[in-house]
$ cat target-v4.cif   # mmCIF, C-alpha atoms and all ligand atoms
data_work
#
loop_
_atom_site.label_atom_id
_atom_site.label_comp_id
_atom_site.auth_asym_id
_atom_site.auth_seq_id
_atom_site.Cartn_x
_atom_site.Cartn_y
_atom_site.Cartn_z
CA MET N 105 -11.10 13.28 20.18
CA CYS N 106 -9.24 11.34 22.77
CA SER N 107 -5.57 11.92 22.66
CA CYS N 108 -2.76 9.78 23.96
CA GLU N 109 -0.24 11.70 26.04
CA ASN N 110 2.63 9.28 25.54
CA PRO N 111 4.25 9.54 22.07
CA ALA N 112 5.81 6.06 22.31
CA ILE N 113 2.44 4.48 23.07
CA GLU N 114 0.80 6.55 20.35
CA GLU N 115 3.43 5.31 17.91
CA ALA N 116 2.88 1.67 18.93
CA ILE N 117 -0.89 2.01 18.55
CA LEU N 118 -0.46 3.63 15.13
CA LYS N 119 1.82 0.81 13.95
CA ASP N 120 -0.59 -1.83 15.20
CA ARG N 121 -3.56 -0.19 13.48
CA LEU N 122 -1.73 0.31 10.20
CA SER N 123 -0.50 -3.29 10.25
CA GLN N 124 -4.11 -4.47 9.96
CA ILE N 125 -4.46 -2.71 6.60
CA LYS N 126 -3.15 -4.76 3.69
CA ASN N 127 -2.88 -2.01 1.05
CA LYS N 128 -2.60 1.72 1.51
CA ILE N 129 -3.19 3.80 -1.59
CA VAL N 130 -2.61 7.56 -1.51
CA VAL N 131 -4.33 9.78 -4.07
CA LEU N 132 -2.32 12.88 -4.87
CA SER N 133 -2.55 15.87 -7.15
CA GLY N 134 -0.27 18.78 -7.90
CA LYS N 135 -3.07 21.23 -7.23
CA GLY N 136 -6.68 21.46 -6.05
CA GLY N 137 -9.77 21.16 -8.20
CA VAL N 138 -8.52 18.48 -10.59
CA GLY N 139 -10.89 15.81 -9.27
CA LYS N 140 -8.62 14.12 -6.72
CA SER N 141 -11.42 13.55 -4.18
CA THR N 142 -13.77 12.37 -6.91
CA VAL N 143 -11.20 9.83 -8.09
CA ALA N 144 -10.35 8.74 -4.52
CA THR N 145 -14.02 8.17 -3.68
CA ASN N 146 -14.71 6.26 -6.87
CA ILE N 147 -11.65 4.03 -6.40
CA ALA N 148 -12.75 3.27 -2.83
CA MET N 149 -16.35 2.67 -3.87
CA SER N 150 -15.33 0.44 -6.75
CA LEU N 151 -13.13 -1.68 -4.45
CA THR N 152 -16.05 -1.95 -2.01
CA LEU N 153 -18.40 -3.04 -4.79
CA LYS N 154 -15.88 -5.71 -5.79
CA GLY N 155 -16.13 -7.12 -2.26
CA TYR N 156 -12.91 -5.78 -0.73
CA LYS N 157 -13.00 -4.46 2.83
CA THR N 158 -12.22 -0.82 2.16
CA GLY N 159 -11.70 2.41 4.06
CA LEU N 160 -11.61 5.95 2.72
CA LEU N 161 -9.65 8.56 4.66
CA ASP N 162 -10.01 12.21 3.70
CA VAL N 163 -7.15 14.23 5.13
CA ASP N 164 -7.60 17.14 2.76
CA ILE N 165 -7.79 19.57 5.63
CA HIS N 166 -8.52 22.64 3.53
CA GLY N 167 -11.28 21.25 1.40
CA PRO N 168 -12.71 18.01 2.73
CA SER N 169 -15.25 17.19 0.03
CA ILE N 170 -15.84 13.49 0.66
CA PRO N 171 -18.74 14.06 3.10
CA THR N 172 -20.56 15.85 0.26
CA ILE N 173 -19.64 13.29 -2.42
CA LEU N 174 -20.99 10.47 -0.21
CA GLY N 175 -24.02 12.37 1.08
CA LEU N 176 -22.69 12.24 4.65
CA GLU N 177 -22.65 15.98 5.31
CA GLY N 178 -23.36 17.00 8.86
CA LYS N 179 -22.49 13.54 10.23
CA ARG N 180 -20.15 13.32 13.18
CA LEU N 181 -17.52 10.73 14.04
CA GLN N 182 -18.11 8.75 17.20
CA ASN N 183 -15.46 7.54 19.56
CA ASP N 184 -15.53 4.75 22.11
CA GLY N 185 -13.38 6.63 24.60
CA PHE N 186 -10.19 5.25 23.08
CA SER N 187 -10.54 5.25 19.29
CA ILE N 188 -12.33 7.16 16.59
CA LEU N 189 -14.85 4.92 14.85
CA PRO N 190 -15.25 5.38 11.08
CA LEU N 191 -18.68 6.11 9.67
CA GLU N 192 -20.04 3.42 7.41
CA TYR N 193 -21.40 4.40 4.04
CA ARG N 194 -24.28 2.01 3.36
CA ASP N 195 -22.86 -0.44 5.86
CA ASN N 196 -19.79 -1.33 3.88
CA LEU N 197 -17.38 1.50 3.00
CA LYS N 198 -15.70 2.86 6.13
CA VAL N 199 -15.19 6.61 5.93
CA VAL N 200 -13.28 9.15 7.98
CA SER N 201 -13.04 12.76 6.92
CA ILE N 202 -11.76 15.87 8.58
CA GLY N 203 -15.09 17.28 7.39
CA PHE N 204 -16.81 15.14 10.07
CA LEU N 205 -14.90 17.04 12.72
CA ILE N 206 -15.34 20.57 11.45
CA GLU N 207 -18.47 22.29 12.69
CA ASN N 208 -19.11 24.36 9.60
CA ASN N 209 -17.48 23.73 6.25
CA ASP N 210 -17.92 27.39 5.27
CA ASN N 211 -15.64 28.50 8.09
CA PRO N 212 -12.17 27.27 7.19
CA ILE N 213 -9.92 26.49 10.12
CA VAL N 214 -6.83 28.65 10.33
CA TRP N 215 -4.07 26.12 10.91
CA ARG N 216 -0.64 26.70 12.29
CA GLY N 217 1.97 24.64 10.37
CA PRO N 218 2.83 22.06 13.07
CA ALA N 219 -0.82 21.80 14.09
CA LYS N 220 -1.69 20.48 10.63
CA ALA N 221 0.83 17.64 10.79
CA GLY N 222 -0.19 16.86 14.38
CA PHE N 223 -3.83 16.78 13.42
CA ILE N 224 -3.23 14.50 10.44
CA LYS N 225 -1.20 12.16 12.66
CA GLN N 226 -3.86 12.14 15.33
CA MET N 227 -6.52 11.36 12.74
CA MET N 228 -4.51 8.44 11.46
CA SER N 229 -3.43 6.95 14.77
CA GLU N 230 -6.77 7.23 16.50
CA VAL N 231 -9.02 5.68 13.91
CA GLN N 232 -9.96 2.06 14.57
CA TRP N 233 -10.30 0.75 11.01
CA GLY N 234 -10.02 -2.89 11.96
CA GLU N 235 -8.86 -5.26 9.22
CA LEU N 236 -8.98 -3.73 5.75
CA ASP N 237 -7.93 -4.93 2.32
CA TYR N 238 -7.55 -1.35 1.11
CA LEU N 239 -7.31 2.09 2.64
CA VAL N 240 -7.63 4.89 0.09
CA VAL N 241 -6.23 8.18 1.38
CA ASP N 242 -7.38 11.44 -0.20
CA CYS N 243 -4.31 13.58 0.52
CA PRO N 244 -4.13 17.35 0.64
CA PRO N 245 -3.13 18.75 -2.80
CA GLY N 246 0.39 19.82 -3.70
CA THR N 247 3.76 18.65 -2.52
CA GLY N 248 4.05 20.55 0.74
CA ASP N 249 4.13 19.59 4.39
CA GLU N 250 0.60 18.22 4.49
CA PRO N 251 0.81 15.39 1.95
CA LEU N 252 4.34 14.80 3.25
CA SER N 253 3.00 14.26 6.80
CA ALA N 254 0.32 11.87 5.56
CA ILE N 255 2.86 9.76 3.65
CA GLN N 256 5.43 9.76 6.43
CA ILE N 257 2.86 8.68 8.99
CA ILE N 258 1.68 5.75 6.90
CA GLU N 259 5.33 4.69 6.33
CA ASP N 260 4.59 1.74 4.05
CA VAL N 261 2.41 3.28 1.38
CA THR N 262 1.64 0.57 -1.19
CA GLY N 263 1.43 3.09 -4.00
CA ALA N 264 0.26 6.49 -5.19
CA VAL N 265 -2.30 7.43 -7.80
CA ILE N 266 -1.66 10.90 -9.21
CA VAL N 267 -4.55 12.85 -10.65
CA THR N 268 -4.09 15.60 -13.19
CA THR N 269 -6.02 17.43 -15.88
CA PRO N 270 -4.77 17.89 -19.44
CA GLN N 271 -3.93 21.61 -19.18
CA LYS N 272 -0.32 22.64 -19.22
CA LEU N 273 -0.33 24.14 -15.76
CA ALA N 274 -1.76 21.08 -14.09
CA ILE N 275 0.74 18.91 -15.92
CA SER N 276 3.72 20.84 -14.63
CA ASP N 277 2.28 20.50 -11.12
CA VAL N 278 1.96 16.77 -11.52
CA ARG N 279 5.62 16.50 -12.44
CA LYS N 280 6.29 17.80 -8.96
CA SER N 281 4.02 15.09 -7.51
CA VAL N 282 5.92 12.41 -9.43
CA ASN N 283 9.24 13.74 -8.15
CA PHE N 284 7.79 14.04 -4.67
CA CYS N 285 6.87 10.33 -4.71
CA LYS N 286 10.26 9.35 -6.11
CA HIS N 287 11.97 11.38 -3.40
CA LEU N 288 9.91 9.68 -0.67
CA ASN N 289 10.30 6.22 -2.23
CA VAL N 290 6.57 5.90 -2.72
CA PRO N 291 5.86 3.56 -5.65
CA ILE N 292 3.75 5.26 -8.31
CA ILE N 293 0.78 3.15 -9.38
CA GLY N 294 0.04 5.57 -12.19
CA VAL N 295 -1.28 8.86 -13.45
CA ILE N 296 -4.94 9.53 -14.25
CA GLU N 297 -5.82 12.34 -16.64
CA ASN N 298 -9.17 13.65 -15.43
CA MET N 299 -11.59 16.03 -17.22
CA SER N 300 -10.03 14.90 -20.47
CA GLY N 301 -12.44 15.51 -23.34
CA PHE N 302 -16.20 15.65 -23.13
CA ILE N 303 -18.61 12.93 -24.21
CA CYS N 304 -21.47 14.67 -26.02
CA LYS N 305 -24.76 13.17 -24.86
CA GLU N 306 -26.39 13.98 -28.24
CA CYS N 307 -23.91 12.32 -30.57
CA ASN N 308 -21.90 10.17 -28.06
CA LYS N 309 -18.66 11.53 -29.56
CA THR N 310 -15.74 12.77 -27.45
CA VAL N 311 -15.06 16.49 -27.83
CA GLU N 312 -11.65 17.73 -26.70
CA ILE N 313 -12.06 20.88 -24.62
CA PHE N 314 -8.58 21.28 -23.23
CA LYS N 315 -5.67 19.82 -25.09
CA SER N 316 -5.89 16.12 -24.45
CA ASP N 317 -3.11 13.59 -23.75
CA GLY N 318 -0.97 15.95 -21.66
CA GLY N 319 -1.02 13.53 -18.72
CA LYS N 320 -0.23 10.61 -20.97
CA LYS N 321 2.79 12.38 -22.50
CA MET N 322 4.00 13.49 -19.12
CA ALA N 323 3.71 9.94 -17.74
CA GLN N 324 5.72 8.61 -20.69
CA GLU N 325 8.37 11.29 -20.28
CA MET N 326 8.71 10.62 -16.57
CA ASP N 327 8.61 6.87 -17.06
CA VAL N 328 5.60 6.24 -14.82
CA PRO N 329 2.51 4.20 -15.77
CA PHE N 330 -0.46 5.96 -17.33
CA LEU N 331 -3.76 4.56 -16.07
CA GLY N 332 -6.05 6.38 -18.49
CA LYS N 333 -8.33 9.34 -19.12
CA ILE N 334 -11.66 10.20 -17.48
CA PRO N 335 -13.82 12.54 -19.59
CA LEU N 336 -15.59 15.62 -18.31
CA ASP N 337 -19.04 14.33 -17.55
CA PRO N 338 -21.90 16.43 -16.12
CA ASP N 339 -23.17 13.28 -14.38
CA ILE N 340 -20.01 13.30 -12.23
CA VAL N 341 -20.87 16.81 -11.02
CA GLU N 342 -24.47 15.79 -10.44
CA ALA N 343 -23.41 12.64 -8.56
CA GLY N 344 -20.92 14.61 -6.43
CA ASP N 345 -23.43 17.29 -5.56
CA SER N 346 -26.20 14.88 -4.68
CA GLY N 347 -24.08 12.57 -2.53
CA LYS N 348 -24.38 9.56 -4.83
CA PRO N 349 -21.04 7.90 -5.64
CA PHE N 350 -20.80 8.00 -9.42
CA ILE N 351 -19.44 4.48 -9.95
CA GLN N 352 -22.36 3.04 -8.00
CA PHE N 353 -25.29 5.16 -9.16
CA TYR N 354 -24.22 5.65 -12.77
CA SER N 355 -22.67 2.21 -13.20
CA GLU N 356 -24.20 1.68 -16.64
CA THR N 357 -22.69 4.82 -18.20
CA LYS N 358 -19.72 4.89 -20.56
CA THR N 359 -17.75 7.03 -18.08
CA ALA N 360 -18.36 4.60 -15.19
CA LYS N 361 -17.00 1.76 -17.33
CA ILE N 362 -13.94 3.88 -18.15
CA ILE N 363 -13.35 4.53 -14.43
CA ASP N 364 -13.82 0.86 -13.60
CA ASN N 365 -11.17 -0.05 -16.18
CA LEU N 366 -8.72 2.37 -14.55
CA ILE N 367 -9.12 0.62 -11.22
CA GLN N 368 -8.16 -2.85 -12.41
CA PRO N 369 -4.45 -1.95 -12.80
CA VAL N 370 -4.54 -0.43 -9.30
CA ILE N 371 -5.66 -3.78 -7.88
CA GLU N 372 -3.09 -5.67 -9.96
CA PHE N 373 -0.34 -3.33 -8.78
CA CYS N 374 -1.24 -4.05 -5.14
CA LEU N 375 -1.38 -7.81 -5.72
CA ASN N 376 2.04 -7.81 -7.38
CA LYS N 377 3.47 -5.65 -4.62
CA LYS N 378 2.30 -8.20 -2.05
CA LYS N 379 4.13 -10.97 -3.92
CA GLU N 380 7.33 -8.90 -3.92
CA ASN N 381 7.02 -8.25 -0.20
CA LYS N 382 6.72 -11.85 0.83
CA ASN N 383 8.04 -12.66 4.28
CA MET N 384 11.55 -13.91 4.89
CA LYS N 385 11.72 -17.66 5.34
CA PHE N 386 14.90 -19.18 6.71
CA ALA N 387 16.02 -22.76 6.10
CA ILE N 388 18.41 -24.17 8.69
CA PRO N 389 19.94 -27.67 8.64
CA THR N 390 19.77 -29.21 12.11
CA ALA N 391 20.94 -32.22 14.10
CA GLN N 392 19.66 -32.79 17.63
CA GLY N 393 17.89 -29.45 17.63
CA LYS N 394 20.99 -27.41 16.80
CA LEU N 395 22.30 -26.01 13.54
CA CYS N 396 24.22 -28.79 11.81
CA GLN N 397 27.47 -28.00 10.04
CA HIS N 398 26.83 -30.46 7.20
CA PHE N 399 23.99 -29.16 5.11
CA GLY N 400 23.45 -32.19 2.92
CA HIS N 401 23.62 -34.66 5.81
CA CYS N 402 21.43 -33.06 8.45
CA GLU N 403 18.60 -34.80 10.34
CA LYS N 404 15.94 -32.18 9.71
CA PHE N 405 15.56 -28.80 8.09
CA VAL N 406 14.01 -26.15 10.28
CA PHE N 407 12.01 -23.51 8.38
CA ILE N 408 11.46 -20.28 10.25
CA GLU N 409 9.23 -17.59 8.77
CA VAL N 410 9.72 -14.03 9.92
CA ASP N 411 7.78 -10.80 9.51
CA GLU N 412 10.53 -8.54 8.27
CA ALA N 413 8.88 -5.32 9.38
CA THR N 414 8.48 -6.32 13.02
CA LYS N 415 11.29 -8.94 13.10
CA THR N 416 8.98 -11.42 14.76
CA ILE N 417 8.92 -15.16 14.12
CA ILE N 418 5.66 -16.23 12.53
CA SER N 419 6.24 -19.95 12.21
CA ASN N 420 8.83 -22.63 12.98
CA GLU N 421 8.61 -26.03 11.38
CA ALA N 422 11.06 -28.96 11.31
CA ILE N 423 10.90 -31.17 8.21
CA VAL N 424 12.94 -34.21 7.20
CA GLY N 425 14.60 -33.49 3.88
CA PRO N 426 14.30 -35.57 0.70
CA GLU N 427 16.41 -38.65 -0.01
CA HIS N 428 19.93 -37.75 -0.92
CA ALA N 429 20.35 -37.34 -4.68
CA PRO N 430 22.30 -34.87 -6.82
CA GLY N 431 20.69 -31.46 -7.28
CA ILE N 432 17.60 -32.36 -5.25
CA LEU N 433 18.01 -30.00 -2.32
CA PRO N 434 17.99 -26.55 -4.01
CA PRO N 435 14.56 -26.93 -5.70
CA TRP N 436 13.17 -28.69 -2.61
CA VAL N 437 14.23 -25.85 -0.29
CA ALA N 438 12.77 -23.31 -2.78
CA GLN N 439 9.49 -25.25 -2.82
CA GLN N 440 9.25 -24.86 0.94
CA GLY N 441 9.20 -21.09 0.29
CA ALA N 442 12.59 -20.42 1.86
CA ASN N 443 14.58 -17.45 0.60
CA ILE N 444 17.56 -17.53 2.92
CA ILE N 445 19.72 -20.35 4.33
CA LEU N 446 21.76 -20.14 7.49
CA ALA N 447 24.34 -22.91 7.23
CA GLY N 448 27.51 -24.04 8.90
CA GLY N 449 29.34 -25.15 5.81
CA MET N 450 28.36 -25.21 2.19
CA GLY N 451 30.32 -25.71 -1.00
CA GLY N 452 30.59 -22.97 -3.58
CA ARG N 453 28.78 -24.98 -6.28
CA ALA N 454 25.85 -25.63 -3.93
CA GLN N 455 25.66 -21.92 -3.09
CA GLU N 456 25.43 -21.17 -6.80
CA LEU N 457 22.56 -23.64 -7.23
CA PHE N 458 20.66 -22.05 -4.36
CA ALA N 459 21.31 -18.58 -5.79
CA GLN N 460 19.69 -19.76 -9.05
CA GLN N 461 16.56 -20.54 -6.99
CA GLY N 462 16.64 -17.01 -5.51
CA ILE N 463 17.92 -18.29 -2.17
CA LYS N 464 20.66 -16.44 -0.36
CA VAL N 465 23.17 -18.50 1.64
CA ILE N 466 24.93 -17.35 4.80
CA ALA N 467 27.67 -19.85 5.65
CA GLY N 468 29.89 -20.18 8.70
CA VAL N 469 26.98 -19.94 11.15
CA PRO N 470 27.67 -21.56 14.57
CA SER N 471 25.91 -24.72 15.80
CA GLU N 472 23.28 -23.08 17.94
CA ASP N 473 19.53 -23.05 18.39
CA PRO N 474 17.83 -22.19 15.03
CA GLU N 475 15.65 -19.42 16.46
CA LYS N 476 18.67 -17.86 18.12
CA VAL N 477 20.70 -17.69 14.91
CA VAL N 478 17.70 -16.22 13.06
CA THR N 479 17.19 -13.58 15.74
CA ASP N 480 20.90 -12.78 15.77
CA TYR N 481 20.87 -12.47 11.99
CA LEU N 482 17.90 -10.08 12.06
CA ASN N 483 19.50 -8.00 14.79
CA GLY N 484 22.80 -7.85 12.94
CA THR N 485 24.59 -9.67 15.79
CA LEU N 486 25.19 -13.02 14.09
CA ILE N 487 28.89 -13.85 14.12
CA THR N 488 29.88 -16.12 11.27
CA GLY N 489 33.11 -18.08 11.26
CA VAL N 490 34.82 -20.00 8.51
CA ASN N 491 32.70 -21.92 6.09
CA GLY N 492 32.80 -25.33 7.83
CA CYS N 493 32.73 -27.22 4.55
CA ASP N 494 33.87 -26.14 1.17
CA HIS N 495 33.17 -29.42 -0.54
CA SER N 496 30.74 -29.73 -3.31
CA HIS N 497 28.89 -32.55 -1.50
CA CYS N 498 27.29 -30.17 1.01
CA GLY N 499 23.96 -29.38 -0.58
CA SER N 500 24.53 -29.72 -4.29
CA HIS N 501 24.05 -33.43 -4.30
P1 LIG Y 601 -10.12 18.03 -5.89
O1 LIG Y 601 -10.27 16.97 -4.85
O2 LIG Y 601 -8.97 17.80 -6.81
O3 LIG Y 601 -10.11 19.41 -5.33
P2 LIG Y 601 -12.86 17.35 -6.61
O4 LIG Y 601 -12.83 15.88 -6.72
O5 LIG Y 601 -13.45 17.95 -5.38
O6 LIG Y 601 -11.41 17.96 -6.84
O7 LIG Y 601 -13.59 17.90 -7.91
C1 LIG Y 601 -13.79 19.28 -8.15
C2 LIG Y 601 -15.10 19.44 -8.92
O8 LIG Y 601 -14.93 18.89 -10.22
C3 LIG Y 601 -16.28 18.74 -8.28
O9 LIG Y 601 -17.42 19.52 -8.45
C4 LIG Y 601 -16.41 17.46 -9.10
O10 LIG Y 601 -17.74 16.96 -9.15
C5 LIG Y 601 -15.96 17.92 -10.48
N1 LIG Y 601 -15.37 16.85 -11.28
C6 LIG Y 601 -14.35 16.03 -10.98
N2 LIG Y 601 -14.07 15.20 -12.00
C7 LIG Y 601 -14.95 15.50 -12.98
C8 LIG Y 601 -15.20 14.99 -14.29
N3 LIG Y 601 -14.46 14.01 -14.81
N4 LIG Y 601 -16.22 15.53 -15.01
C9 LIG Y 601 -16.96 16.53 -14.48
N5 LIG Y 601 -16.77 17.06 -13.27
C10 LIG Y 601 -15.79 16.56 -12.52
#
$ encode --input "target-v4.cif" --output "structure tokens"
Amino acid sequence: MCSCENPAIEEAILKDRLSQIKNKIVVLSGKGGVGKSTVATNIAMSLTLKGYKTGLLDVDIHGPSIPTILGLEGKRLQNDGFSILPLEYRDNLKVVSIGFLIENNDNPIVWRGPAKAGFIKQMMSEVQWGELDYLVVDCPPGTGDEPLSAIQIIEDVTGAVIVTTPQKLAISDVRKSVNFCKHLNVPIIGVIENMSGFICKECNKTVEIFKSDGGKKMAQEMDVPFLGKIPLDPDIVEAGDSGKPFIQFYSETKTAKIIDNLIQPVIEFCLNKKKENKNMKFAIPTAQGKLCQHFGHCEKFVFIEVDEATKTIISNEAIVGPEHAPGILPPWVAQQGANIILAGGMGGRAQELFAQQGIKVIAGVPSEDPEKVVTDYLNGTLITGVNGCDHSHCGSH
């Protein structure tokens, strides 16, 4: 692998690469062997089959099983001298696994603690995913340093799916995973109870082998969503061993339909999260290109959209406001998508009306260039003076 010697450059490259990925889903489990990799692969495959540009990253350094599940054993990652290039499963799912870097899966690598985190980071910063709708990350099991490194490196994880089995022991481990996510501020998409019951091929009935519903109860107790149960199904073992993703090759089975139903809430969660994280859009009243002290009587409103994460201005548009009439401005500004106003003066009543539209008002802003006041606000260096106008006519009508 190529490795960048300069940590600041490495960091910048990592940020740039991660910013091209719209949703990052981590799949966690309290312990190994509960079907975490199986679930991660089937989520990724299902998203691919639905037409989303998807990547699957296997950073389970002790037991990378995704090469086997996808029939990619023995394949090696290529690099172009600067980046690692993902393998493509059937030309559409992009896959990177630590298993593609290990010579022989039967010879486990003996890792030193810091080496593990460094390796995970290197894997993540050096892969050139390109633009993705979803990256599904199969994390190492447990709540130790390894999943912690993966989550910290990604920084803005969209959400976590936690996989458990119904037995008591696995359930107590998953509690730790839930607390781990809460501690790291990672939103929990939900818990999946895997290997829950067995669908008898003869009579098509579900037979409970371990006590069922443990995951469901635990999710309720811990106040996290429960996504559903996947039964024990010999076809899953067969699919995994023969390198044929279950959801694709067994799509007509009852279990595949169950898995597909679990994935819908994952997609919905990500869509809703995107809506919550909409960019900041500033509305600024202006006259002759500068912030105007009289909100309701300005020449034009300048709308400046900003990417909050990078604090960069995405767009800047000047629009003439609507004809003056009572109560017109607050809904009009909301319709333009603004969520914050930088104003010279604004009356208390008007501020209330904007607040009802979900728009925050910062008053007392000096008459300067709109982009400058936005930048100052984002950098925490905006100096506000007295509210230039405390009359109700500024904005409310
Ligand atoms: P983990 O990633 O948690 O270690 P894996 O996904 O590698 O677990 O699964 C462990 C084994 O269990 C694999 O052989 C896999 O095929 C099998 N398995 C996973 N889920 C099921 C299931 N619902 N029914 C039957 N076998 C399963």
$ residues_around --input "target-v4.cif" --residues "Pro251 (chain N)" --least-positions-apart "3" --cutoff "12 Å" --atoms "all atoms listed in the file" --output "ChimeraX atom specification"
/N:130-135,162-166,220-221,224-225,241-248,254-258,264,281,284-285,288
$ residues_near_point --input "target-v4.cif" --point "(2.2, 4.2, 13.0)" --cutoff "8 Å" --atoms "all atoms listed in the file" --output "list in words"
Glu114, Glu115, Ala116, Ile117, Leu118, Lys119, Asp120, Arg121, Leu122, Ser229, Ile257, Ile258 and Glu259 of chain N
$ residues_around --input "target-v4.cif" --residues "Phe204 (chain N)" --least-positions-apart "4" --cutoff "6 Å" --atoms "only C-alpha atoms" --output "list of chain:residue names"
N:Lys179, N:Arg180, N:Leu181
$ axis_aligned_box --input "target-v4.cif" --around "ligand LIG 601 (chain Y)" --padding-each-side "3 Å" --output "AutoDock Vina command-line options"
--center_x -13.4 --center_y 16.8 --center_z -9.9 --size_x 14.8 --size_y 11.5 --size_z 16.2
$ atom_distance --input "target-v4.cif" --atom1 "CA of Val477 (chain N)" --atom2 "CA of Phe458 (chain N)"
19.8 Å
$ atom_distance --input "target-v4.cif" --atom1 "CA of Asp195 (chain N)" --atom2 "CA of Lys154 (chain N)"
14.6 Å
$ residues_near_ligand --input "target-v4.cif" --ligand "ligand LIG 601 (chain Y)" --cutoff "8 Å" --atoms "all atoms listed in the file" --output "NGL selection string"
:N and (133 or 135-144 or 167 or 169-170 or 173 or 242 or 245 or 267 or 298-300 or 334-345)
$ residues_near_point --input "target-v4.cif" --point "(7.0, 2.3, -10.3)" --cutoff "10 Å" --atoms "all atoms listed in the file" --output "list in words"
Gly263, Ala264, Cys285, Lys286, Asn289, Val290, Pro291, Ile292, Ile293, Gly294, Asp327, Val328, Pro329 and Phe373 of chain N
$ closest_residue --input "target-v4.cif" --among "N:Lys348, N:Lys385, N:Lys280, N:Lys394" --to "Asp411 (chain N)" --atoms "only C-alpha atoms"
N:Lys385
$ closest_residue --input "target-v4.cif" --among "N:Gly234, N:Pro430, N:Pro111, N:Pro389" --to "Ser471 (chain N)" --atoms "all atoms listed in the file"
N:Pro389
$ decode --input "target-v4.cif" --residues "region 182-194 of chain N" --atoms "N, CA, C and O atoms" --output "PDB file, in the first residue's frame"
ATOM      1  N   GLN N 182      -5.835  -3.615  -5.955  1.00  0.00           N
ATOM      2  CA  GLN N 182      -4.864  -2.929  -6.805  1.00  0.00           C
ATOM      3  C   GLN N 182      -4.692  -1.514  -6.275  1.00  0.00           C
ATOM      4  O   GLN N 182      -5.570  -0.996  -5.586  1.00  0.00           O
ATOM      5  N   ASN N 183      -3.562  -0.910  -6.584  1.00  0.00           N
ATOM      6  CA  ASN N 183      -3.491   0.521  -6.312  1.00  0.00           C
ATOM      7  C   ASN N 183      -2.902   1.225  -7.522  1.00  0.00           C
ATOM      8  O   ASN N 183      -2.221   0.618  -8.337  1.00  0.00           O
ATOM      9  N   ASP N 184      -3.237   2.523  -7.642  1.00  0.00           N
ATOM     10  CA  ASP N 184      -2.777   3.260  -8.820  1.00  0.00           C
ATOM     11  C   ASP N 184      -1.557   4.108  -8.471  1.00  0.00           C
ATOM     12  O   ASP N 184      -1.282   5.111  -9.101  1.00  0.00           O
ATOM     13  N   GLY N 185      -0.873   3.730  -7.412  1.00  0.00           N
ATOM     14  CA  GLY N 185       0.316   4.470  -6.989  1.00  0.00           C
ATOM     15  C   GLY N 185      -0.023   5.511  -5.939  1.00  0.00           C
ATOM     16  O   GLY N 185       0.835   5.983  -5.215  1.00  0.00           O
ATOM     17  N   PHE N 186      -1.311   5.843  -5.820  1.00  0.00           N
ATOM     18  CA  PHE N 186      -1.718   6.865  -4.863  1.00  0.00           C
ATOM     19  C   PHE N 186      -2.861   6.356  -3.970  1.00  0.00           C
ATOM     20  O   PHE N 186      -2.898   6.610  -2.786  1.00  0.00           O
ATOM     21  N   SER N 187      -3.768   5.608  -4.580  1.00  0.00           N
ATOM     22  CA  SER N 187      -4.941   5.136  -3.828  1.00  0.00           C
ATOM     23  C   SER N 187      -5.104   3.633  -3.998  1.00  0.00           C
ATOM     24  O   SER N 187      -4.659   3.060  -4.992  1.00  0.00           O
ATOM     25  N   ILE N 188      -5.835   3.068  -3.017  1.00  0.00           N
ATOM     26  CA  ILE N 188      -6.244   1.668  -3.168  1.00  0.00           C
ATOM     27  C   ILE N 188      -7.542   1.679  -3.974  1.00  0.00           C
ATOM     28  O   ILE N 188      -8.438   2.493  -3.705  1.00  0.00           O
ATOM     29  N   LEU N 189      -7.653   0.798  -4.931  1.00  0.00           N
ATOM     30  CA  LEU N 189      -8.882   0.743  -5.731  1.00  0.00           C
ATOM     31  C   LEU N 189      -9.726  -0.433  -5.266  1.00  0.00           C
ATOM     32  O   LEU N 189      -9.228  -1.560  -5.159  1.00  0.00           O
ATOM     33  N   PRO N 190     -11.007  -0.190  -4.959  1.00  0.00           N
ATOM     34  CA  PRO N 190     -11.855  -1.300  -4.489  1.00  0.00           C
ATOM     35  C   PRO N 190     -12.033  -2.347  -5.589  1.00  0.00           C
ATOM     36  O   PRO N 190     -11.962  -2.011  -6.770  1.00  0.00           O
ATOM     37  N   LEU N 191     -12.275  -3.574  -5.182  1.00  0.00           N
ATOM     38  CA  LEU N 191     -12.654  -4.595  -6.160  1.00  0.00           C
ATOM     39  C   LEU N 191     -14.126  -4.368  -6.478  1.00  0.00           C
ATOM     40  O   LEU N 191     -14.861  -3.811  -5.669  1.00  0.00           O
ATOM     41  N   GLU N 192     -14.550  -4.820  -7.627  1.00  0.00           N
ATOM     42  CA  GLU N 192     -15.979  -4.665  -7.933  1.00  0.00           C
ATOM     43  C   GLU N 192     -16.604  -6.049  -8.022  1.00  0.00           C
ATOM     44  O   GLU N 192     -16.160  -6.879  -8.811  1.00  0.00           O
ATOM     45  N   TYR N 193     -17.612  -6.259  -7.165  1.00  0.00           N
ATOM     46  CA  TYR N 193     -18.335  -7.527  -7.245  1.00  0.00           C
ATOM     47  C   TYR N 193     -19.363  -7.388  -8.357  1.00  0.00           C
ATOM     48  O   TYR N 193     -20.243  -6.525  -8.289  1.00  0.00           O
ATOM     49  N   ARG N 194     -19.233  -8.209  -9.385  1.00  0.00           N
ATOM     50  CA  ARG N 194     -20.145  -8.176 -10.531  1.00  0.00           C
ATOM     51  C   ARG N 194     -20.360  -6.769 -11.081  1.00  0.00           C
ATOM     52  O   ARG N 194     -21.481  -6.360 -11.385  1.00  0.00           O
TER      53      ARG N 194
END
